[in-house]
file upload21.pdb (PDB, C-alpha atoms)
ATOM      1  CA  MET A   1      56.394  68.476 159.121
ATOM      2  CA  THR A   2      53.412  69.778 161.089
ATOM      3  CA  ASP A   3      50.049  68.335 160.070
ATOM      4  CA  LEU A   4      48.174  70.322 157.446
ATOM      5  CA  LEU A   5      45.057  72.241 158.407
ATOM      6  CA  SER A   6      41.721  70.523 158.075
ATOM      7  CA  ASP A   7      39.881  71.118 154.800
ATOM      8  CA  ASN A   8      37.419  73.505 156.443
ATOM      9  CA  ASP A   9      40.088  75.522 158.247
ATOM     10  CA  ALA A  10      42.198  75.708 155.093
ATOM     11  CA  LEU A  11      39.197  76.825 153.062
ATOM     12  CA  TYR A  12      38.383  79.546 155.599
ATOM     13  CA  LEU A  13      41.942  80.879 155.698
ATOM     14  CA  LEU A  14      42.404  80.862 151.916
ATOM     15  CA  SER A  15      39.010  82.513 151.449
ATOM     16  CA  ALA A  16      40.081  85.265 153.841
ATOM     17  CA  TRP A  17      43.500  85.804 152.243
ATOM     18  CA  PHE A  18      42.158  85.997 148.684
ATOM     19  CA  SER A  19      38.927  87.794 149.389
ATOM     20  CA  PRO A  20      38.593  91.135 147.545
ATOM     21  CA  SER A  21      38.376  92.691 151.023
ATOM     22  CA  TYR A  22      41.891  91.547 151.987
ATOM     23  CA  PRO A  23      43.787  94.860 151.932
ATOM     24  CA  VAL A  24      46.569  94.208 149.429
ATOM     25  CA  GLY A  25      45.269  96.694 146.846
ATOM     26  CA  ALA A  26      44.817  94.131 144.052
ATOM     27  CA  PHE A  27      41.944  96.131 142.563
ATOM     28  CA  SER A  28      44.415  98.901 141.649
ATOM     29  CA  TYR A  29      46.243  96.865 139.003
ATOM     30  CA  SER A  30      45.391  95.726 135.468
ATOM     31  CA  HIS A  31      48.710  94.009 134.581
ATOM     32  CA  GLY A  32      49.021  96.064 131.392
ATOM     33  CA  LEU A  33      45.543  95.129 130.161
ATOM     34  CA  GLU A  34      44.359  98.738 130.333
ATOM     35  CA  MET A  35      46.598  99.604 127.378
ATOM     36  CA  ALA A  36      45.591  96.438 125.512
ATOM     37  CA  VAL A  37      41.964  97.560 125.780
ATOM     38  CA  GLU A  38      42.838 101.075 124.610
ATOM     39  CA  GLN A  39      44.669  99.599 121.604
ATOM     40  CA  GLY A  40      41.560  97.565 120.705
ATOM     41  CA  LEU A  41      43.102  94.129 121.201
ATOM     42  CA  ILE A  42      40.665  93.260 123.986
ATOM     43  CA  SER A  43      37.090  94.107 123.122
ATOM     44  CA  ASP A  44      34.826  91.205 124.117
ATOM     45  CA  GLN A  45      34.521  88.037 126.182
ATOM     46  CA  THR A  46      36.558  85.878 123.794
ATOM     47  CA  SER A  47      39.535  88.234 123.596
ATOM     48  CA  SER A  48      39.379  88.782 127.371
ATOM     49  CA  GLU A  49      39.497  85.038 128.002
ATOM     50  CA  ASN A  50      42.370  84.531 125.542
ATOM     51  CA  PHE A  51      44.500  87.281 127.090
ATOM     52  CA  VAL A  52      44.005  86.151 130.680
ATOM     53  CA  ARG A  53      44.608  82.493 129.803
ATOM     54  CA  HIS A  54      47.855  83.417 128.061
ATOM     55  CA  ILE A  55      49.002  85.374 131.116
ATOM     56  CA  LEU A  56      48.259  82.331 133.263
ATOM     57  CA  THR A  57      50.015  79.789 131.063
ATOM     58  CA  HIS A  58      52.906  81.803 129.612
ATOM     59  CA  GLY A  59      53.288  84.850 131.840
ATOM     60  CA  ALA A  60      53.002  85.835 135.467
ATOM     61  CA  GLY A  61      50.563  83.023 136.299
ATOM     62  CA  GLN A  62      52.938  80.139 135.693
ATOM     63  CA  LEU A  63      55.900  82.186 136.915
ATOM     64  CA  ASP A  64      54.168  83.005 140.201
ATOM     65  CA  ALA A  65      53.102  79.378 140.594
ATOM     66  CA  GLN A  66      56.720  78.298 140.357
ATOM     67  CA  LEU A  67      57.976  80.949 142.786
ATOM     68  CA  LEU A  68      55.139  80.298 145.248
ATOM     69  CA  SER A  69      55.833  76.570 145.184
ATOM     70  CA  ALA A  70      59.582  77.047 145.668
ATOM     71  CA  ALA A  71      59.066  79.523 148.534
ATOM     72  CA  TYR A  72      56.558  77.180 150.184
ATOM     73  CA  LYS A  73      58.999  74.258 150.127
ATOM     74  CA  ALA A  74      61.908  76.369 151.345
ATOM     75  CA  ALA A  75      59.815  77.740 154.207
ATOM     76  CA  GLN A  76      58.878  74.213 155.267
ATOM     77  CA  SER A  77      62.488  73.446 156.112
ATOM     78  CA  SER A  78      63.768  74.094 159.605
ATOM     79  CA  GLY A  79      65.106  77.570 160.301
ATOM     80  CA  GLY A  80      68.746  78.378 159.692
ATOM     81  CA  GLY A  81      71.362  76.953 157.354
ATOM     82  CA  ASP A  82      70.415  75.797 153.873
ATOM     83  CA  GLY A  83      66.705  76.492 154.392
ATOM     84  CA  ASP A  84      67.265  80.185 155.095
ATOM     85  CA  LYS A  85      69.771  80.423 152.255
ATOM     86  CA  ALA A  86      67.289  78.922 149.783
ATOM     87  CA  LEU A  87      64.475  81.173 150.958
ATOM     88  CA  LYS A  88      66.645  84.278 150.642
ATOM     89  CA  GLU A  89      67.794  83.287 147.147
ATOM     90  CA  ILE A  90      64.187  82.753 146.026
ATOM     91  CA  SER A  91      63.186  86.122 147.461
ATOM     92  CA  GLU A  92      66.077  87.892 145.740
ATOM     93  CA  LEU A  93      65.344  86.243 142.407
ATOM     94  CA  ALA A  94      61.638  87.048 142.566
ATOM     95  CA  ALA A  95      62.382  90.656 143.464
ATOM     96  CA  VAL A  96      64.316  91.287 140.249
ATOM     97  CA  PHE A  97      62.276  89.203 137.815
ATOM     98  CA  GLY A  98      59.640  91.786 136.861
ATOM     99  CA  ALA A  99      59.647  92.617 133.163
ATOM    100  CA  THR A 100      58.650  96.265 133.633
ATOM    101  CA  ARG A 101      58.578  98.864 136.384
ATOM    102  CA  GLU A 102      54.797  98.703 136.772
ATOM    103  CA  LEU A 103      54.606  94.898 136.829
ATOM    104  CA  THR A 104      57.331  94.897 139.474
ATOM    105  CA  LEU A 105      55.372  97.471 141.493
ATOM    106  CA  GLU A 106      52.233  95.341 141.160
ATOM    107  CA  SER A 107      53.938  92.321 142.708
ATOM    108  CA  GLN A 108      56.031  94.061 145.348
ATOM    109  CA  ALA A 109      53.367  96.447 146.637
ATOM    110  CA  GLN A 110      50.933  93.571 147.091
ATOM    111  CA  GLY A 111      53.656  91.437 148.647
ATOM    112  CA  ALA A 112      54.511  94.080 151.247
ATOM    113  CA  ALA A 113      50.825  94.697 152.018
ATOM    114  CA  PHE A 114      50.128  90.972 152.318
ATOM    115  CA  ILE A 115      52.991  90.466 154.760
ATOM    116  CA  LYS A 116      51.937  93.402 156.919
ATOM    117  CA  VAL A 117      48.268  92.522 157.268
ATOM    118  CA  THR A 118      48.917  88.789 157.605
ATOM    119  CA  ARG A 119      51.483  89.244 160.372
ATOM    120  CA  ASP A 120      49.079  91.609 162.152
ATOM    121  CA  CYS A 121      46.002  89.390 161.847
ATOM    122  CA  TRP A 122      47.197  85.798 161.329
ATOM    123  CA  PRO A 123      50.398  85.219 163.358
ATOM    124  CA  ASN A 124      52.804  83.301 161.153
ATOM    125  CA  PRO A 125      56.308  82.223 162.215
ATOM    126  CA  ALA A 126      57.400  81.582 158.634
ATOM    127  CA  LEU A 127      56.667  85.184 157.650
ATOM    128  CA  ASP A 128      58.548  86.378 160.732
ATOM    129  CA  ARG A 129      61.468  84.261 159.582
ATOM    130  CA  LEU A 130      61.287  85.692 156.032
ATOM    131  CA  VAL A 131      61.360  89.274 157.304
ATOM    132  CA  LYS A 132      64.318  88.437 159.529
ATOM    133  CA  ILE A 133      66.488  86.968 156.761
ATOM    134  CA  TRP A 134      65.407  89.229 153.863
ATOM    135  CA  SER A 135      64.639  92.938 154.213
ATOM    136  CA  GLY A 136      62.699  93.110 150.952
ATOM    137  CA  PRO A 137      61.301  93.893 148.520
ATOM    138  CA  TYR A 138      58.880  90.979 148.691
ATOM    139  CA  ALA A 139      57.220  89.464 145.630
ATOM    140  CA  TYR A 140      53.562  88.691 146.284
ATOM    141  CA  SER A 141      53.903  85.050 145.206
ATOM    142  CA  VAL A 142      56.837  84.476 147.566
ATOM    143  CA  ALA A 143      55.032  86.111 150.485
ATOM    144  CA  VAL A 144      51.993  83.894 149.919
ATOM    145  CA  GLY A 145      54.085  80.741 149.564
ATOM    146  CA  VAL A 146      55.926  81.399 152.817
ATOM    147  CA  ALA A 147      52.725  82.288 154.680
ATOM    148  CA  ALA A 148      50.963  79.164 153.396
ATOM    149  CA  ALA A 149      53.799  76.951 154.607
ATOM    150  CA  GLY A 150      53.788  78.702 157.975
ATOM    151  CA  ALA A 151      50.029  78.197 158.301
ATOM    152  CA  ASN A 152      50.258  74.510 157.270
ATOM    153  CA  LEU A 153      48.036  75.024 154.240
ATOM    154  CA  PRO A 154      48.096  72.467 151.416
ATOM    155  CA  LEU A 155      50.237  73.638 148.511
ATOM    156  CA  GLN A 156      47.805  72.686 145.751
ATOM    157  CA  ALA A 157      44.875  74.430 147.433
ATOM    158  CA  THR A 158      47.041  77.518 147.966
ATOM    159  CA  LEU A 159      48.075  77.572 144.314
ATOM    160  CA  THR A 160      44.450  77.221 143.206
ATOM    161  CA  ALA A 161      43.307  80.079 145.451
ATOM    162  CA  TYR A 162      46.220  82.322 144.458
ATOM    163  CA  LEU A 163      45.805  81.766 140.724
ATOM    164  CA  HIS A 164      42.037  82.177 140.933
ATOM    165  CA  GLY A 165      42.503  85.448 142.819
ATOM    166  CA  PHE A 166      45.030  86.666 140.248
ATOM    167  CA  ALA A 167      42.800  85.775 137.293
ATOM    168  CA  ALA A 168      39.657  87.112 138.965
ATOM    169  CA  ASN A 169      41.338  90.468 139.517
ATOM    170  CA  LEU A 170      42.255  90.686 135.823
ATOM    171  CA  VAL A 171      38.703  89.779 134.837
ATOM    172  CA  SER A 172      37.355  92.397 137.243
ATOM    173  CA  ALA A 173      39.595  95.012 135.609
ATOM    174  CA  LEU A 174      38.313  93.998 132.169
ATOM    175  CA  VAL A 175      34.705  94.192 133.334
ATOM    176  CA  ARG A 176      35.374  97.864 134.028
ATOM    177  CA  LEU A 177      37.657  98.590 131.065
ATOM    178  CA  VAL A 178      36.149  96.887 128.000
ATOM    179  CA  PRO A 179      33.474  97.268 129.437
ATOM    180  CA  LEU A 180      32.743  93.596 129.842
ATOM    181  CA  GLY A 181      29.353  92.793 131.326
ATOM    182  CA  GLN A 182      29.120  90.985 134.642
ATOM    183  CA  THR A 183      27.762  87.857 132.950
ATOM    184  CA  ASP A 184      30.559  87.766 130.377
ATOM    185  CA  GLY A 185      33.013  88.343 133.206
ATOM    186  CA  GLN A 186      31.712  85.254 134.972
ATOM    187  CA  LYS A 187      31.786  83.277 131.719
ATOM    188  CA  THR A 188      35.447  84.201 131.430
ATOM    189  CA  THR A 189      36.142  83.085 134.987
ATOM    190  CA  THR A 190      34.298  79.815 134.348
ATOM    191  CA  ALA A 191      36.272  79.166 131.168
ATOM    192  CA  LEU A 192      39.576  79.635 133.033
ATOM    193  CA  MET A 193      38.793  77.024 135.683
ATOM    194  CA  ALA A 194      40.401  74.100 133.857
ATOM    195  CA  THR A 195      43.554  76.119 133.140
ATOM    196  CA  ILE A 196      43.938  77.154 136.773
ATOM    197  CA  THR A 197      43.240  73.641 138.056
ATOM    198  CA  GLN A 198      45.821  72.147 135.710
ATOM    199  CA  LEU A 199      48.451  74.703 136.658
ATOM    200  CA  ALA A 200      47.823  74.202 140.388
ATOM    201  CA  GLN A 201      48.024  70.417 140.049
ATOM    202  CA  ASN A 202      51.150  70.524 137.904
ATOM    203  CA  PRO A 203      53.112  73.695 138.672
ATOM    204  CA  PRO A 204      56.307  74.271 136.684
ATOM    205  CA  ALA A 205      59.442  72.464 137.798
ATOM    206  CA  ASP A 206      61.266  73.656 140.884
ATOM    207  CA  HIS A 207      64.457  74.437 138.955
ATOM    208  CA  LEU A 208      64.648  78.178 139.415
ATOM    209  CA  ASP A 209      67.346  78.496 136.750
ATOM    210  CA  GLN A 210      64.555  77.677 134.288
ATOM    211  CA  LEU A 211      62.301  80.569 135.300
ATOM    212  CA  ALA A 212      60.882  82.221 132.209
ATOM    213  CA  SER A 213      57.863  83.966 130.785
ATOM    214  CA  SER A 214      56.742  84.590 127.236
ATOM    215  CA  THR A 215      54.342  87.526 127.056
ATOM    216  CA  PRO A 216      56.332  90.164 125.114
ATOM    217  CA  MET A 217      53.216  91.947 123.814
ATOM    218  CA  LEU A 218      51.855  92.347 127.326
ATOM    219  CA  ASP A 219      55.237  93.584 128.566
ATOM    220  CA  PHE A 220      55.206  96.166 125.769
ATOM    221  CA  PHE A 221      51.693  97.274 126.766
ATOM    222  CA  SER A 222      52.886  97.592 130.354
ATOM    223  CA  MET A 223      55.703  99.907 129.250
ATOM    224  CA  GLN A 224      53.259 101.976 127.217
ATOM    225  CA  HIS A 225      50.887 102.110 130.182
ATOM    226  CA  GLU A 226      53.491 104.067 132.144
ATOM    227  CA  GLN A 227      52.882 106.960 129.726
ATOM    228  CA  GLN A 228      49.161 106.443 129.097
ATOM    229  CA  TYR A 229      47.455 109.828 129.262
ATOM    230  CA  THR A 230      44.249 108.764 130.995
ATOM    231  CA  ARG A 231      44.276 105.617 133.101
ATOM    232  CA  LEU A 232      42.353 103.959 135.902
ATOM    233  CA  PHE A 233      44.949 101.464 137.108
ATOM    234  CA  ARG A 234      48.487 101.530 138.466
ATOM    235  CA  SER A 235      49.717  98.861 136.029
TER     236      SER A 235
END

call {"tool": "encode", "arguments": {"input": "upload21.pdb", "output": "structure tokens"}}
result
Amino acid sequence: MTDLLSDNDALYLLSAWFSPSYPVGAFSYSHGLEMAVEQGLISDQTSSENFVRHILTHGAGQLDAQLLSAAYKAAQSSGGGDGDKALKEISELAAVFGATRELTLESQAQGAAFIKVTRDCWPNPALDRLVKIWSGPYAYSVAVGVAAAGANLPLQATLTAYLHGFAANLVSALVRLVPLGQTDGQKTTTALMATITQLAQNPPADHLDQLASSTPMLDFFSMQHEQQYTRLFRS
């Protein structure tokens, strides 16, 4: 295995990839929270924190952590043979695992955008390999896991940055939707730190036959969001 990047180089690259200015369109998505706000289930800092924490621990957060980790490890293997087979299987599984049309769009649109801009700006042989063996669609978590392995980034730091970016985008959406003040938004982000750190340090097991999520209410809100009369977000 190639040596990992230095701490400073890794920090710079992860900061670039998960900066709000990285053009993956994350700001366009609310992960179904727009309908939860309209229904009155999210109305303040406490309910915002509870919803986002549940998504992290029982929904897309832990699911993405598992897929990212599996893609990272598969991409670390030498090209060809079992490594390519494993990476393709992970990509296929991730592509069909979305609970609703909009949540699937949220992941795949960001995944495609991430691959395009990263290949253009940060040459990455692992992403080139992914595109060669799998024509898409690409889940965002898988794209990030492959890119991180190709860039020799530490897995735990990548998971922390990815999960923070995911949670921060949800908080940003709630700041606009509730509306949640900027200070309460930051209090929410602060309160989620321990959850994100724990999940990054101990991602779910690598057994992909155990992939699961348990956020049925949020999935229902996502389905309702498809027909919401007035909306700001794509999911």

call {"tool": "resolve_selection", "arguments": {"input": "upload21.pdb", "expression": "the PyMOL selection byres ((chain A and resi 3-17) around 6)", "output": "list in words"}}
result
Thr2, Phe18, Ser19, Tyr22, Asn152 and Leu153 of chain A

call {"tool": "resolve_selection", "arguments": {"input": "upload21.pdb", "expression": "the PyMOL selection byres ((chain A and resi 112) around 8)", "output": "PyMOL selection string"}}
result
chain A and resi 108-111+113-116+137-140

call {"tool": "atom_distance", "arguments": {"input": "upload21.pdb", "atom1": "atom CA of A:Gln228", "atom2": "atom CA of A:Ile55"}}
result
21.2 Å

call {"tool": "closest_atom_pairs", "arguments": {"input": "upload21.pdb", "of": "stretch 16-55 of chain A", "to": "stretch 211-215 of chain A", "cutoff": "12 Å", "atoms": "all atoms listed in the file", "output": "JSON lines"}}
result
{"residue": "A:His31", "atom": "CA", "partner": "A:Thr215", "partner_atom": "CA", "distance": 11.4}
{"residue": "A:Gly32", "atom": "CA", "partner": "A:Thr215", "partner_atom": "CA", "distance": 11.0}
{"residue": "A:Phe51", "atom": "CA", "partner": "A:Thr215", "partner_atom": "CA", "distance": 9.8}
{"residue": "A:Val52", "atom": "CA", "partner": "A:Thr215", "partner_atom": "CA", "distance": 11.0}
{"residue": "A:Arg53", "atom": "CA", "partner": "A:Thr215", "partner_atom": "CA", "distance": 11.3}
{"residue": "A:His54", "atom": "CA", "partner": "A:Thr215", "partner_atom": "CA", "distance": 7.7}
{"residue": "A:Ile55", "atom": "CA", "partner": "A:Thr215", "partner_atom": "CA", "distance": 7.0}

call {"tool": "resolve_selection", "arguments": {"input": "upload21.pdb", "expression": "the PyMOL selection byres ((chain A and resi 92) around 12)", "output": "ChimeraX atom specification"}}
result
/A:67,71,85-91,93-98,108,130,133-139,142,208

call {"tool": "closest_residue", "arguments": {"input": "upload21.pdb", "among": "A:Val131, A:Ala151, A:Leu177, A:Leu232", "to": "A:Gln39", "atoms": "all atoms listed in the file"}}
result
A:Leu177

call {"tool": "closest_residue", "arguments": {"input": "upload21.pdb", "among": "A:Ser48, A:Val24, A:Asp64, A:Tyr72", "to": "A:Ala36", "atoms": "only C-alpha atoms"}}
result
A:Ser48

call {"tool": "closest_residue", "arguments": {"input": "upload21.pdb", "among": "A:Thr160, A:Ser222, A:Ser235, A:Asn169", "to": "A:Gln186", "atoms": "only C-alpha atoms"}}
result
A:Asn169

call {"tool": "build_atoms", "arguments": {"input": "upload21.pdb", "residues": "stretch 206-217 of chain A", "atoms": "all heavy atoms", "output": "short mmCIF file (atom, residue, chain, number, x, y, z; two decimals), keeping the file's coordinate frame"}}
result
data_model
loop_
_atom_site.label_atom_id
_atom_site.label_comp_id
_atom_site.auth_asym_id
_atom_site.auth_seq_id
_atom_site.Cartn_x
_atom_site.Cartn_y
_atom_site.Cartn_z
N ASP A 206 60.67 72.85 139.83
CA ASP A 206 61.27 73.66 140.88
C ASP A 206 62.63 74.24 140.51
O ASP A 206 63.24 74.93 141.32
CB ASP A 206 61.43 72.82 142.15
CG ASP A 206 60.10 72.51 142.82
OD1 ASP A 206 59.16 73.28 142.60
OD2 ASP A 206 60.02 71.50 143.52
N HIS A 207 63.13 73.96 139.33
CA HIS A 207 64.46 74.44 138.96
C HIS A 207 64.38 75.93 138.64
O HIS A 207 63.92 76.33 137.56
CB HIS A 207 64.98 73.65 137.75
CG HIS A 207 65.03 72.17 137.98
ND1 HIS A 207 65.88 71.60 138.91
CD2 HIS A 207 64.33 71.15 137.42
CE1 HIS A 207 65.71 70.28 138.91
NE2 HIS A 207 64.77 70.00 138.01
N LEU A 208 64.81 76.75 139.57
CA LEU A 208 64.65 78.18 139.42
C LEU A 208 65.53 78.76 138.32
O LEU A 208 65.29 79.88 137.86
CB LEU A 208 64.92 78.88 140.74
CG LEU A 208 63.92 78.55 141.86
CD1 LEU A 208 64.27 79.30 143.13
CD2 LEU A 208 62.49 78.85 141.43
N ASP A 209 66.55 78.01 137.87
CA ASP A 209 67.35 78.50 136.75
C ASP A 209 66.58 78.39 135.43
O ASP A 209 67.05 78.87 134.39
CB ASP A 209 68.68 77.74 136.66
CG ASP A 209 68.50 76.24 136.51
OD1 ASP A 209 67.36 75.76 136.68
OD2 ASP A 209 69.50 75.56 136.22
N GLN A 210 65.39 77.79 135.48
CA GLN A 210 64.56 77.68 134.29
C GLN A 210 63.37 78.65 134.31
O GLN A 210 62.47 78.55 133.48
CB GLN A 210 64.04 76.24 134.14
CG GLN A 210 65.15 75.22 133.96
CD GLN A 210 64.63 73.79 133.88
OE1 GLN A 210 63.43 73.55 133.79
NE2 GLN A 210 65.55 72.83 133.92
N LEU A 211 63.37 79.58 135.25
CA LEU A 211 62.30 80.57 135.30
C LEU A 211 62.24 81.34 133.99
O LEU A 211 63.26 81.81 133.48
CB LEU A 211 62.55 81.57 136.43
CG LEU A 211 62.13 81.18 137.85
CD1 LEU A 211 62.52 82.29 138.80
CD2 LEU A 211 60.65 80.91 137.94
N ALA A 212 61.04 81.49 133.46
CA ALA A 212 60.88 82.22 132.21
C ALA A 212 59.43 82.59 132.02
O ALA A 212 58.53 81.97 132.58
CB ALA A 212 61.37 81.37 131.02
N SER A 213 59.21 83.62 131.21
CA SER A 213 57.86 83.97 130.78
C SER A 213 57.92 84.36 129.32
O SER A 213 58.99 84.70 128.81
CB SER A 213 57.27 85.10 131.63
OG SER A 213 58.01 86.29 131.44
N SER A 214 56.77 84.30 128.67
CA SER A 214 56.74 84.59 127.24
C SER A 214 55.48 85.38 126.90
O SER A 214 54.57 84.87 126.26
CB SER A 214 56.80 83.28 126.43
OG SER A 214 56.78 83.55 125.05
N THR A 215 55.46 86.63 127.36
CA THR A 215 54.34 87.53 127.06
C THR A 215 54.89 88.88 126.60
O THR A 215 54.62 89.92 127.22
CB THR A 215 53.43 87.71 128.29
OG1 THR A 215 54.25 88.12 129.42
CG2 THR A 215 52.70 86.43 128.64
N PRO A 216 55.68 88.91 125.52
CA PRO A 216 56.33 90.16 125.11
C PRO A 216 55.34 91.27 124.76
O PRO A 216 55.62 92.45 125.03
CB PRO A 216 57.18 89.75 123.91
CG PRO A 216 56.56 88.47 123.41
CD PRO A 216 56.05 87.79 124.63
N MET A 217 54.19 90.91 124.16
CA MET A 217 53.22 91.95 123.81
C MET A 217 52.67 92.60 125.07
O MET A 217 52.54 93.83 125.14
CB MET A 217 52.07 91.35 122.99
CG MET A 217 51.04 92.38 122.57
SD MET A 217 49.68 91.66 121.60
CE MET A 217 50.55 91.26 120.09
#
